[in-house]
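Structure file upload.txt; described as compact mmCIF, C-alpha atoms.
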```txt
# COMPACT_ATOMS: atom_id res chain seq x y z
CA MET C 1 -13.43 -2.00 20.78
CA THR C 2 -14.54 -2.23 17.16
CA SER C 3 -10.99 -1.83 15.94
CA GLN C 4 -9.92 -4.70 18.18
CA LEU C 5 -12.70 -6.88 16.78
CA LEU C 6 -11.94 -5.98 13.18
CA TYR C 7 -8.18 -6.05 13.14
CA GLY C 8 -7.24 -8.36 16.02
CA THR C 9 -4.21 -8.45 18.22
CA ARG C 10 -1.85 -9.97 15.63
CA LEU C 11 -2.21 -6.91 13.42
CA ARG C 12 -1.57 -4.68 16.41
CA ALA C 13 1.66 -6.58 17.09
CA LEU C 14 2.64 -6.20 13.44
CA SER C 15 1.92 -2.46 13.59
CA LEU C 16 4.14 -2.13 16.66
CA LEU C 17 6.89 -4.15 14.99
CA THR C 18 6.65 -1.86 11.94
CA ALA C 19 6.92 1.28 14.05
CA VAL C 20 9.89 -0.10 15.99
CA THR C 21 11.74 -1.35 12.90
CA LEU C 22 11.22 1.85 10.91
CA THR C 23 12.24 4.03 13.84
CA ALA C 24 15.32 1.88 14.42
CA GLY C 25 16.17 1.97 10.71
CA PHE C 26 15.94 5.75 10.48
CA ALA C 27 17.84 6.16 13.75
CA LEU C 28 20.62 3.93 12.38
CA ALA C 29 20.59 5.88 9.12
CA PHE C 30 21.05 9.24 10.87
CA PHE C 31 23.14 8.38 13.93
CA TYR C 32 25.03 5.17 13.11
CA ALA C 33 25.68 5.08 9.36
CA PRO C 34 28.67 7.23 8.38
CA MET C 35 28.30 10.36 6.24
CA ASP C 36 28.80 9.64 2.57
CA ALA C 37 32.13 11.04 1.36
CA ASP C 38 30.73 12.05 -2.01
CA GLN C 39 27.20 13.27 -1.31
CA GLY C 40 27.39 14.15 2.37
CA PHE C 41 24.20 14.53 4.40
CA MET C 42 21.83 14.38 1.41
CA GLN C 43 22.75 10.70 0.94
CA LYS C 44 20.44 10.04 3.93
CA ILE C 45 17.55 10.23 1.43
CA PHE C 46 18.82 6.88 0.16
CA TYR C 47 17.51 5.14 3.33
CA VAL C 48 13.92 6.12 2.64
CA HIS C 49 13.93 6.35 -1.17
CA VAL C 50 15.52 3.01 -2.10
CA PRO C 51 13.61 0.77 0.39
CA MET C 52 10.38 2.41 -0.80
CA ALA C 53 11.29 1.68 -4.43
CA ILE C 54 12.23 -1.94 -3.74
CA VAL C 55 9.10 -2.61 -1.68
CA ALA C 56 6.85 -0.92 -4.28
CA LEU C 57 8.31 -3.03 -7.10
CA CYS C 58 8.07 -6.22 -4.99
CA GLY C 59 4.44 -5.28 -4.27
CA PHE C 60 3.72 -5.11 -8.01
CA VAL C 61 5.28 -8.57 -8.47
CA PHE C 62 3.26 -9.90 -5.51
CA ALA C 63 0.11 -8.47 -7.14
CA GLY C 64 1.01 -10.37 -10.32
CA ILE C 65 1.40 -13.63 -8.37
CA MET C 66 -1.98 -13.08 -6.69
CA ALA C 67 -3.48 -12.35 -10.11
CA ILE C 68 -2.13 -15.68 -11.43
CA GLN C 69 -3.78 -17.38 -8.46
CA HIS C 70 -7.02 -15.57 -9.28
CA LEU C 71 -6.93 -16.66 -12.91
CA ARG C 72 -6.22 -20.24 -11.84
CA THR C 73 -8.84 -20.53 -9.09
CA ARG C 74 -11.41 -17.78 -9.97
CA ASP C 75 -11.40 -16.99 -6.26
CA ALA C 76 -12.34 -13.31 -5.77
CA ARG C 77 -10.13 -13.08 -2.68
CA TYR C 78 -7.01 -13.30 -4.85
CA ASP C 79 -8.29 -10.49 -7.04
CA LEU C 80 -8.78 -8.38 -3.92
CA ARG C 81 -5.26 -9.20 -2.70
CA SER C 82 -3.84 -8.19 -6.08
CA TYR C 83 -5.92 -5.00 -6.14
CA VAL C 84 -4.83 -3.93 -2.65
CA ALA C 85 -1.16 -4.74 -3.39
CA ILE C 86 -1.22 -2.56 -6.53
CA HIS C 87 -3.04 0.21 -4.68
CA LEU C 88 -0.37 0.30 -1.95
CA SER C 89 2.52 -0.02 -4.39
CA LEU C 90 1.16 2.95 -6.33
CA ILE C 91 1.14 5.05 -3.15
CA LEU C 92 4.71 4.01 -2.39
CA GLY C 93 5.58 4.59 -6.05
CA ALA C 94 4.36 8.18 -5.80
CA GLY C 95 6.58 8.53 -2.72
CA VAL C 96 9.54 7.10 -4.64
CA LEU C 97 9.07 9.59 -7.48
CA ILE C 98 8.74 12.57 -5.14
CA THR C 99 11.68 11.62 -2.89
CA GLY C 100 13.71 10.73 -5.99
CA SER C 101 13.03 14.14 -7.47
CA ILE C 102 14.07 15.83 -4.23
CA TRP C 103 17.27 13.78 -4.20
CA ALA C 104 17.91 14.58 -7.87
CA LYS C 105 17.48 18.31 -7.21
CA ALA C 106 19.84 18.15 -4.24
CA SER C 107 22.39 16.00 -6.05
CA TRP C 108 22.26 17.07 -9.69
CA GLY C 109 20.49 20.40 -9.50
CA HIS C 110 17.52 19.17 -11.58
CA TRP C 111 14.16 17.83 -10.42
CA TRP C 112 14.12 15.28 -13.22
CA VAL C 113 16.71 13.88 -15.63
CA TRP C 114 15.19 12.31 -18.74
CA ASP C 115 18.32 10.48 -19.92
CA GLU C 116 18.65 8.52 -16.68
CA PRO C 117 17.26 4.96 -17.19
CA THR C 118 16.49 4.34 -13.49
CA LEU C 119 14.17 7.31 -13.20
CA VAL C 120 12.47 6.93 -16.55
CA SER C 121 11.94 3.17 -16.24
CA PHE C 122 10.42 3.61 -12.78
CA LEU C 123 8.16 6.35 -14.14
CA VAL C 124 7.10 4.02 -16.97
CA VAL C 125 6.23 1.28 -14.46
CA PHE C 126 4.35 3.80 -12.29
CA LEU C 127 2.36 5.17 -15.24
CA LEU C 128 1.64 1.64 -16.43
CA TYR C 129 0.10 0.77 -13.07
CA ALA C 130 -1.68 4.12 -12.92
CA THR C 131 -3.92 2.77 -15.70
CA TYR C 132 -4.96 -0.20 -13.54
CA GLN C 133 -7.75 1.62 -11.68
CA PRO C 134 -9.25 3.25 -14.81
CA LEU C 135 -9.11 -0.15 -16.52
CA ARG C 136 -11.10 -1.72 -13.70
CA PHE C 137 -13.53 1.20 -13.61
CA SER C 138 -14.18 0.96 -17.34
CA ILE C 139 -15.54 -2.60 -17.03
CA GLU C 140 -18.97 -2.87 -15.46
CA ASP C 141 -19.36 -6.63 -15.15
CA PRO C 142 -17.50 -7.62 -11.91
CA GLU C 143 -16.49 -11.03 -13.26
CA ARG C 144 -14.96 -9.61 -16.43
CA GLN C 145 -13.46 -6.71 -14.50
CA ALA C 146 -11.64 -9.11 -12.16
CA ARG C 147 -10.43 -11.31 -15.04
CA TYR C 148 -9.12 -8.45 -17.20
CA ALA C 149 -7.51 -6.78 -14.18
CA SER C 150 -5.75 -10.04 -13.32
CA VAL C 151 -4.42 -10.40 -16.85
CA PHE C 152 -3.15 -6.81 -16.64
CA ALA C 153 -1.52 -7.46 -13.24
CA VAL C 154 0.25 -10.58 -14.55
CA VAL C 155 1.62 -8.88 -17.67
CA ALA C 156 2.62 -5.70 -15.83
CA GLY C 157 4.07 -7.77 -12.97
CA ALA C 158 6.32 -9.57 -15.46
CA PHE C 159 7.46 -6.17 -16.75
CA VAL C 160 8.72 -5.10 -13.32
CA PRO C 161 11.81 -7.39 -13.16
CA LEU C 162 12.65 -6.10 -16.65
CA ASN C 163 12.72 -2.60 -15.17
CA PHE C 164 15.18 -3.79 -12.53
CA LEU C 165 17.34 -5.57 -15.12
CA ALA C 166 17.29 -2.53 -17.40
CA VAL C 167 18.65 -0.41 -14.57
CA ARG C 168 21.37 -2.97 -13.82
CA MET C 169 22.40 -3.29 -17.44
CA ALA C 170 22.28 0.43 -18.13
CA GLN C 171 25.56 1.99 -19.13
CA SER C 172 24.86 5.33 -17.48
CA TYR C 173 26.21 5.63 -13.96
CA THR C 174 24.69 8.98 -13.13
CA HIS C 175 22.24 7.34 -10.76
CA PRO C 176 23.98 6.03 -7.61
CA ARG C 177 24.37 2.22 -7.40
CA VAL C 178 22.92 0.64 -4.31
CA PHE C 179 25.14 -2.42 -4.20
CA ALA C 180 27.92 -1.88 -6.70
CA THR C 181 29.44 -5.09 -8.00
CA ALA C 182 32.85 -4.00 -9.20
CA ASP C 183 34.08 -1.50 -6.64
CA GLY C 184 32.96 -2.84 -3.30
CA GLY C 185 29.45 -1.61 -2.50
CA LEU C 186 28.09 -0.14 0.74
CA PRO C 187 30.23 -0.04 3.88
CA ASP C 188 28.99 -2.41 6.61
CA LYS C 189 27.45 0.33 8.79
CA MET C 190 25.51 1.77 5.86
CA LYS C 191 24.45 -1.71 4.78
CA LEU C 192 23.09 -2.49 8.26
CA ALA C 193 21.08 0.76 8.36
CA PHE C 194 19.79 0.10 4.85
CA VAL C 195 18.73 -3.49 5.65
CA VAL C 196 16.86 -2.38 8.78
CA CYS C 197 15.13 0.40 6.78
CA LEU C 198 14.22 -2.14 4.10
CA LEU C 199 12.80 -4.51 6.72
CA GLY C 200 10.83 -1.63 8.26
CA MET C 201 9.46 -0.55 4.89
CA SER C 202 8.49 -4.15 4.08
CA ALA C 203 6.76 -4.46 7.46
CA LEU C 204 4.94 -1.17 6.78
CA TYR C 205 3.73 -2.49 3.42
CA VAL C 206 2.52 -5.78 4.94
CA THR C 207 0.80 -3.94 7.81
CA LEU C 208 -1.02 -1.49 5.53
CA TRP C 209 -1.91 -4.33 3.15
CA LYS C 210 -3.43 -6.31 6.03
CA TYR C 211 -5.33 -3.25 7.32
CA GLU C 212 -6.72 -2.57 3.85
CA MET C 213 -7.69 -6.23 3.41
CA ALA C 214 -9.40 -6.28 6.82
CA SER C 215 -11.20 -3.07 5.93
CA LYS C 216 -12.45 -4.45 2.59
CA HIS C 217 -13.62 -7.71 4.22
CA THR C 218 -15.38 -5.80 7.00
CA SER C 219 -17.09 -3.55 4.49
CA ALA C 220 -18.35 -6.60 2.56
CA GLN C 221 -19.55 -8.26 5.77
CA LEU C 222 -21.37 -5.12 6.86
CA ARG C 223 -23.19 -4.92 3.51
CA SER C 224 -24.10 -8.58 3.80
CA LEU C 225 -25.39 -8.10 7.35
CA ARG C 226 -27.38 -5.03 6.31
CA ARG C 227 -28.95 -7.00 3.45
CA LYS C 228 -29.87 -9.85 5.81
CA LEU C 229 -31.41 -7.53 8.38
CA GLY C 230 -33.08 -4.94 6.20
CA GLY C 231 -33.42 -6.58 2.80
CA ASP C 232 -32.07 -5.31 -0.51
CA GLU C 233 -33.65 -1.88 -0.06
CA ALA C 234 -31.55 -1.32 3.10
CA VAL C 235 -28.35 -1.57 1.07
CA THR C 236 -27.48 1.60 -0.78
CA PRO C 237 -26.36 0.73 -4.33
CA THR C 238 -22.65 1.40 -4.80
CA GLY C 239 -22.84 1.86 -8.55
CA ARG C 240 -19.88 1.13 -10.77
CA SER C 241 -16.71 0.61 -8.80
CA ALA C 242 -13.06 -0.13 -9.51
CA ALA C 243 -12.77 -2.10 -6.28
CA PRO C 244 -13.33 -5.87 -6.45
CA SER C 245 -16.66 -7.10 -5.13
CA LEU C 246 -16.37 -9.91 -2.63
CA GLY C 247 -20.02 -10.91 -2.71
CA THR C 248 -21.81 -11.71 0.55
CA SER C 249 -19.94 -14.74 1.78
CA GLN C 250 -16.59 -13.08 2.45
CA MET K 1 35.65 16.50 5.10
CA THR K 2 31.93 16.95 5.62
CA ASP K 3 32.46 20.60 6.57
CA THR K 4 33.13 21.42 2.93
CA LEU K 5 29.97 19.69 1.68
CA PRO K 6 26.92 21.81 0.88
CA ASP K 7 24.18 21.89 3.50
CA ASN K 8 21.28 19.91 2.10
CA THR K 9 19.34 19.43 5.32
CA GLY K 10 16.22 20.96 3.78
CA TYR K 11 16.12 18.42 0.96
CA VAL K 12 16.64 15.49 3.37
CA ALA K 13 13.92 16.82 5.68
CA ALA K 14 11.58 17.29 2.70
CA ALA K 15 12.13 13.70 1.50
CA TYR K 16 11.40 12.22 4.93
CA LEU K 17 8.42 14.55 5.37
CA VAL K 18 6.96 13.28 2.08
CA PHE K 19 7.23 9.72 3.37
CA PHE K 20 5.67 10.54 6.75
CA ALA K 21 2.94 12.61 5.09
CA LEU K 22 1.99 9.68 2.83
CA VAL K 23 1.80 7.33 5.82
CA LEU K 24 -0.14 9.90 7.84
CA ILE K 25 -2.67 10.47 5.05
CA TYR K 26 -3.14 6.73 4.75
CA VAL K 27 -3.65 6.35 8.51
CA VAL K 28 -6.18 9.23 8.53
CA ILE K 29 -8.12 7.57 5.68
CA MET K 30 -8.08 4.25 7.58
CA ALA K 31 -9.28 6.02 10.74
CA ALA K 32 -12.15 7.60 8.78
CA LYS K 33 -13.08 4.17 7.42
CA LEU K 34 -12.98 2.71 10.93
CA SER K 35 -15.32 5.39 12.27
CA ARG K 36 -17.69 4.70 9.33
CA PHE K 37 -17.67 1.01 10.24
CA GLU K 38 -18.44 1.86 13.86
CA ARG K 39 -21.38 4.02 12.75
CA GLU K 40 -22.68 1.31 10.41
CA LEU K 41 -22.32 -1.32 13.12
CA SER K 42 -24.34 0.73 15.58
CA GLU K 43 -27.00 1.32 12.86
CA LEU K 44 -27.15 -2.43 12.22
CA ASN K 45 -27.37 -3.06 15.95
CA ASP K 46 -30.39 -0.72 16.12
CA LEU K 47 -31.89 -2.42 13.08
CA ALA K 48 -31.44 -5.86 14.71
CA ASP K 49 -33.06 -4.59 17.93
CA ARG K 50 -36.03 -3.22 15.97
CA ARG K 51 -36.36 -6.51 14.07
CA LEU K 52 -36.30 -8.47 17.33
CA ALA K 53 -38.92 -6.21 18.90
CA GLN K 54 -41.08 -6.53 15.75
CA ASP K 55 -40.76 -10.34 15.81
CA ASP K 56 -41.71 -10.41 19.51
CA GLU K 57 -44.77 -8.27 18.83
CA GLU K 58 -45.83 -10.48 15.91
CA SER K 59 -45.46 -13.67 17.96
CA ARG K 60 -47.51 -12.11 20.79
CA GLU K 61 -50.25 -11.19 18.29
CA HIS K 62 -50.23 -14.77 16.97
CA GLU K 63 -50.56 -16.07 20.55
CA ALA K 64 -53.45 -13.69 21.17
CA VAL K 65 -55.24 -14.83 17.98
CA ARG K 66 -54.81 -18.49 18.95
CA THR K 67 -56.16 -18.01 22.48
```
Whole structure given in structure tokens:
Amino acid sequence: MTSQLLYGTRLRALSLLTAVTLTAGFALAFFYAPMDADQGFMQKIFYVHVPMAIVALCGFVFAGIMAIQHLRTRDARYDLRSYVAIHLSLILGAGVLITGSIWAKASWGHWWVWDEPTLVSFLVVFLLYATYQPLRFSIEDPERQARYASVFAVVAGAFVPLNFLAVRMAQSYTHPRVFATADGGLPDKMKLAFVVCLLGMSALYVTLWKYEMASKHTSAQLRSLRRKLGGDEAVTPTGRSAAPSLGTSQ
Amino acid sequence: MTDTLPDNTGYVAAAYLVFFALVLIYVVIMAAKLSRFERELSELNDLADRRLAQDDEESREHEAVRT
């Protein structure tokens, strides 16, 4: 009952849509999309690895946009949205690096290739965002913490499209192209499976983002309620935290 | 043509397992948070009940003093 109160029916519908889209996407990838002539069965990793990478990078850009909104309005809700977006993108980013390594081992015989711009630039972006949480944690004052974190999210968010462009402009063609420009690109069946997987991954990101947001809001409301009922002594001090504080009104 | 390709089923399975494991871990963490919220809500409910009972008792004492 509590979950229904906290998360509502719309989020349940979104969760169902995510499950259906992802299942359909993976089913299309395995049973509908043809086997790749060059890589064979291992090319199926593409349908989980690439959508995860695209959604993670879009999440970082979204976090940057939310951070701009926070800097413009000083509204703590935007800082929270940015924080949650980066948090989720980092999780997906870890998934991208691991699945990418598995694919690299299967395809090239090495877990990691340092002279491949796609891999290294994604690692750079991932490591850049890995400093976001320690940055927040290092600043005690919540107001300053939110402001500095937003500046970081804006600058790092602007760096993400550069990563994408760097990959596109790179001369090395060791890493497989998703949508090649010169020699055709994906066959229609593969493209359909890929698009459905991408939609599913995007829906998963939005769903988890909404769950996390609802969870943070609920936590803030519970603290506020506890303070109202039991006074300040009823609220256990949280100490220094990297998570944004929403105050009592949210 | 695919018969000649190496069998990389293990790698594909590992990649998809990594993805599902990440999602599963996230869902487990969310479930743990949800159960914490449920516990906190029931604690707050008890606290509100105690406060109400206390307020009732105080108002009855005030009535008794007046009469």
Using CA of Tyr26 (chain K) and CA of Pro244 (chain C) as the two end points, give the distance in Å to one decimal. 19.7 Å
Just checking: using all atoms listed in the file, which residue out of C:Gly40, C:Gly64, C:Gly25, C:Pro34 ends up closest to Val154 (chain C)?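 Result for the nearest residue to Val154 (chain C): C:Gly64.
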Taking all atoms listed in the file into account, name the residue in C:Val96, C:Thr18, C:His87, C:Thr73 that is nearest to Tyr16 (chain K).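 So, comparing all the options, the nearest one is C:Val96.
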Would you mind listing, for every residue of chain K within 10 Å of chain C, the two atoms forming the shortest contact and the distance between them in Å to one decimal, using all atoms listed in the file, sorted by chain and ascending residue number, as a Markdown table?
```
| residue | atom | partner | partner_atom | distance |
| --- | --- | --- | --- | --- |
| K:Met1 | CA | C:Ala37 | CA | 7.5 |
| K:Thr2 | CA | C:Gly40 | CA | 6.2 |
| K:Asp3 | CA | C:Gly40 | CA | 9.2 |
| K:Thr4 | CA | C:Gly40 | CA | 9.3 |
| K:Leu5 | CA | C:Gly40 | CA | 6.2 |
| K:Pro6 | CA | C:Gly40 | CA | 7.8 |
| K:Asp7 | CA | C:Phe41 | CA | 7.4 |
| K:Asn8 | CA | C:Met42 | CA | 5.6 |
| K:Thr9 | CA | C:Met42 | CA | 6.9 |
| K:Gly10 | CA | C:Met42 | CA | 9.0 |
| K:Tyr11 | CA | C:Ile102 | CA | 6.2 |
| K:Val12 | CA | C:Met42 | CA | 5.7 |
| K:Ala13 | CA | C:Ile45 | CA | 8.6 |
| K:Ala14 | CA | C:Ile102 | CA | 7.5 |
| K:Ala15 | CA | C:Thr99 | CA | 4.9 |
| K:Tyr16 | CA | C:Val48 | CA | 7.0 |
| K:Leu17 | CA | C:Thr99 | CA | 9.4 |
| K:Val18 | CA | C:Gly95 | CA | 6.8 |
| K:Phe19 | CA | C:Gly95 | CA | 6.2 |
| K:Phe20 | CA | C:Gly95 | CA | 9.7 |
| K:Ala21 | CA | C:Gly95 | CA | 9.5 |
| K:Leu22 | CA | C:Gly95 | CA | 7.3 |
| K:Val23 | CA | C:Leu204 | CA | 9.1 |
| K:Tyr26 | CA | C:Leu208 | CA | 8.5 |
| K:Val27 | CA | C:Leu208 | CA | 8.8 |
| K:Met30 | CA | C:Glu212 | CA | 7.9 |
| K:Ala31 | CA | C:Ser3 | CA | 9.6 |
| K:Lys33 | CA | C:Ser215 | CA | 7.6 |
| K:Leu34 | CA | C:Ser3 | CA | 7.0 |
| K:Ser35 | CA | C:Thr2 | CA | 9.1 |
| K:Arg36 | CA | C:Ser219 | CA | 9.6 |
| K:Phe37 | CA | C:Ser219 | CA | 7.4 |
| K:Glu38 | CA | C:Thr2 | CA | 6.5 |
| K:Glu40 | CA | C:Leu222 | CA | 7.5 |
| K:Leu41 | CA | C:Leu222 | CA | 7.4 |
| K:Glu43 | CA | C:Arg226 | CA | 9.1 |
| K:Leu44 | CA | C:Arg226 | CA | 6.5 |
| K:Asn45 | CA | C:Leu229 | CA | 9.7 |
| K:Leu47 | CA | C:Leu229 | CA | 7.0 |
| K:Ala48 | CA | C:Leu229 | CA | 6.5 |
| K:Arg50 | CA | C:Leu229 | CA | 9.9 |
| K:Arg51 | CA | C:Leu229 | CA | 7.6 |
```
Counting all atoms listed in the file, the option among C:Ser121, C:Gln145, C:Thr23, C:Ser89 closest to Tyr205 (chain C): C:Ser89
Atom-to-atom span, CA of Ser150 (chain C) and CA of Ala63 (chain C), Å: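 Those two atoms sit 8.7 Å apart.
With CA of Val151 (chain C) on one side and CA of Ile29 (chain K) on the other, the separation reads 29.1 Å.
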Find the smallest box with edges along x, y and z containing every listed atom of region 31-49 of chain K, then add 8 Å on each side and report centre and edge lengths in Å to one decimal, as JSON.
```
{"center_x": -21.2, "center_y": 0.9, "center_z": 12.7, "size_x": 39.8, "size_y": 29.5, "size_z": 26.5}
```
Top pick for closest residue to Arg77 (chain C), considering C:Leu246, C:Val167, C:Cys58, C:Leu97 and counting all atoms listed in the file: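 Closest residue, counting all atoms listed in the file: C:Leu246.
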Could you pull region 145-234 of chain C out of the block above and give me C-alpha atoms, as an mmCIF file, in the first residue's frame?
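See result-v4.cif below for the written result:
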```cif
data_model
loop_
_atom_site.group_PDB
_atom_site.id
_atom_site.type_symbol
_atom_site.label_atom_id
_atom_site.label_comp_id
_atom_site.auth_asym_id
_atom_site.auth_seq_id
_atom_site.Cartn_x
_atom_site.Cartn_y
_atom_site.Cartn_z
ATOM 1 C CA GLN C 145 27.654 22.270 -2.446
ATOM 2 C CA ALA C 146 24.639 22.563 -4.759
ATOM 3 C CA ARG C 147 26.100 25.570 -6.601
ATOM 4 C CA TYR C 148 29.546 24.042 -7.183
ATOM 5 C CA ALA C 149 28.005 20.703 -8.188
ATOM 6 C CA SER C 150 25.798 22.491 -10.721
ATOM 7 C CA VAL C 151 28.774 24.303 -12.219
ATOM 8 C CA PHE C 152 30.568 20.953 -12.482
ATOM 9 C CA ALA C 153 27.513 19.313 -14.108
ATOM 10 C CA VAL C 154 27.226 22.114 -16.684
ATOM 11 C CA VAL C 155 30.909 22.018 -17.664
ATOM 12 C CA ALA C 156 31.080 18.218 -17.717
ATOM 13 C CA GLY C 157 27.744 18.055 -19.563
ATOM 14 C CA ALA C 158 29.199 20.277 -22.298
ATOM 15 C CA PHE C 159 32.164 17.896 -22.535
ATOM 16 C CA VAL C 160 29.921 14.921 -23.344
ATOM 17 C CA PRO C 161 28.950 15.954 -26.927
ATOM 18 C CA LEU C 162 32.679 16.514 -27.514
ATOM 19 C CA ASN C 163 33.219 12.868 -26.605
ATOM 20 C CA PHE C 164 30.628 11.863 -29.197
ATOM 21 C CA LEU C 165 32.169 14.143 -31.843
ATOM 22 C CA ALA C 166 35.663 12.858 -31.065
ATOM 23 C CA VAL C 167 34.475 9.317 -31.716
ATOM 24 C CA ARG C 168 32.828 10.351 -34.990
ATOM 25 C CA MET C 169 35.867 12.258 -36.188
ATOM 26 C CA ALA C 170 38.348 9.605 -35.107
ATOM 27 C CA GLN C 171 40.353 8.043 -37.892
ATOM 28 C CA SER C 172 40.581 4.631 -36.276
ATOM 29 C CA TYR C 173 37.886 2.217 -37.367
ATOM 30 C CA THR C 174 38.719 -0.579 -34.986
ATOM 31 C CA HIS C 175 35.590 0.120 -32.979
ATOM 32 C CA PRO C 176 32.429 -0.879 -34.893
ATOM 33 C CA ARG C 177 30.348 2.029 -36.279
ATOM 34 C CA VAL C 178 26.740 2.067 -35.188
ATOM 35 C CA PHE C 179 25.334 3.963 -38.140
ATOM 36 C CA ALA C 180 28.039 4.148 -40.761
ATOM 37 C CA THR C 181 27.673 7.081 -43.119
ATOM 38 C CA ALA C 182 29.629 5.980 -46.164
ATOM 39 C CA ASP C 183 28.858 2.304 -46.597
ATOM 40 C CA GLY C 184 25.211 1.932 -45.749
ATOM 41 C CA GLY C 185 24.766 1.365 -42.014
ATOM 42 C CA LEU C 186 22.610 -1.200 -40.203
ATOM 43 C CA PRO C 187 20.215 -3.438 -42.125
ATOM 44 C CA ASP C 188 16.545 -2.624 -41.466
ATOM 45 C CA LYS C 189 15.920 -5.623 -39.187
ATOM 46 C CA MET C 190 18.943 -4.801 -37.029
ATOM 47 C CA LYS C 191 17.963 -1.132 -36.970
ATOM 48 C CA LEU C 192 14.452 -1.981 -35.744
ATOM 49 C CA ALA C 193 15.798 -4.198 -32.946
ATOM 50 C CA PHE C 194 18.311 -1.517 -32.002
ATOM 51 C CA VAL C 195 15.685 1.262 -31.906
ATOM 52 C CA VAL C 196 13.371 -0.825 -29.694
ATOM 53 C CA CYS C 197 16.305 -1.628 -27.363
ATOM 54 C CA LEU C 198 17.200 2.068 -27.255
ATOM 55 C CA LEU C 199 13.592 2.982 -26.420
ATOM 56 C CA GLY C 200 13.535 0.311 -23.711
ATOM 57 C CA MET C 201 16.811 1.517 -22.221
ATOM 58 C CA SER C 202 15.551 5.125 -22.265
ATOM 59 C CA ALA C 203 12.322 4.028 -20.570
ATOM 60 C CA LEU C 204 14.383 2.145 -17.959
ATOM 61 C CA TYR C 205 16.443 5.270 -17.266
ATOM 62 C CA VAL C 206 13.332 7.461 -16.924
ATOM 63 C CA THR C 207 11.635 4.885 -14.679
ATOM 64 C CA LEU C 208 14.626 4.512 -12.354
ATOM 65 C CA TRP C 209 15.106 8.293 -12.330
ATOM 66 C CA LYS C 210 11.468 8.780 -11.294
ATOM 67 C CA TYR C 211 11.725 6.063 -8.601
ATOM 68 C CA GLU C 212 14.872 7.666 -7.199
ATOM 69 C CA MET C 213 13.278 11.124 -7.252
ATOM 70 C CA ALA C 214 10.155 9.804 -5.504
ATOM 71 C CA SER C 215 12.360 8.082 -2.948
ATOM 72 C CA LYS C 216 14.360 11.263 -2.223
ATOM 73 C CA HIS C 217 11.175 13.355 -1.911
ATOM 74 C CA THR C 218 9.585 10.776 0.388
ATOM 75 C CA SER C 219 12.688 10.660 2.552
ATOM 76 C CA ALA C 220 12.641 14.471 2.890
ATOM 77 C CA GLN C 221 8.920 14.451 3.713
ATOM 78 C CA LEU C 222 9.392 11.755 6.341
ATOM 79 C CA ARG C 223 12.148 13.786 8.024
ATOM 80 C CA SER C 224 9.933 16.849 7.942
ATOM 81 C CA LEU C 225 7.009 14.914 9.440
ATOM 82 C CA ARG C 226 9.249 13.437 12.132
ATOM 83 C CA ARG C 227 10.503 16.917 13.027
ATOM 84 C CA LYS C 228 6.932 18.244 13.238
ATOM 85 C CA LEU C 229 5.764 15.380 15.428
ATOM 86 C CA GLY C 230 8.754 14.808 17.646
ATOM 87 C CA GLY C 231 10.775 18.011 17.422
ATOM 88 C CA ASP C 232 14.398 18.369 16.338
ATOM 89 C CA GLU C 233 15.592 15.711 18.792
ATOM 90 C CA ALA C 234 13.415 13.098 17.022
#
```
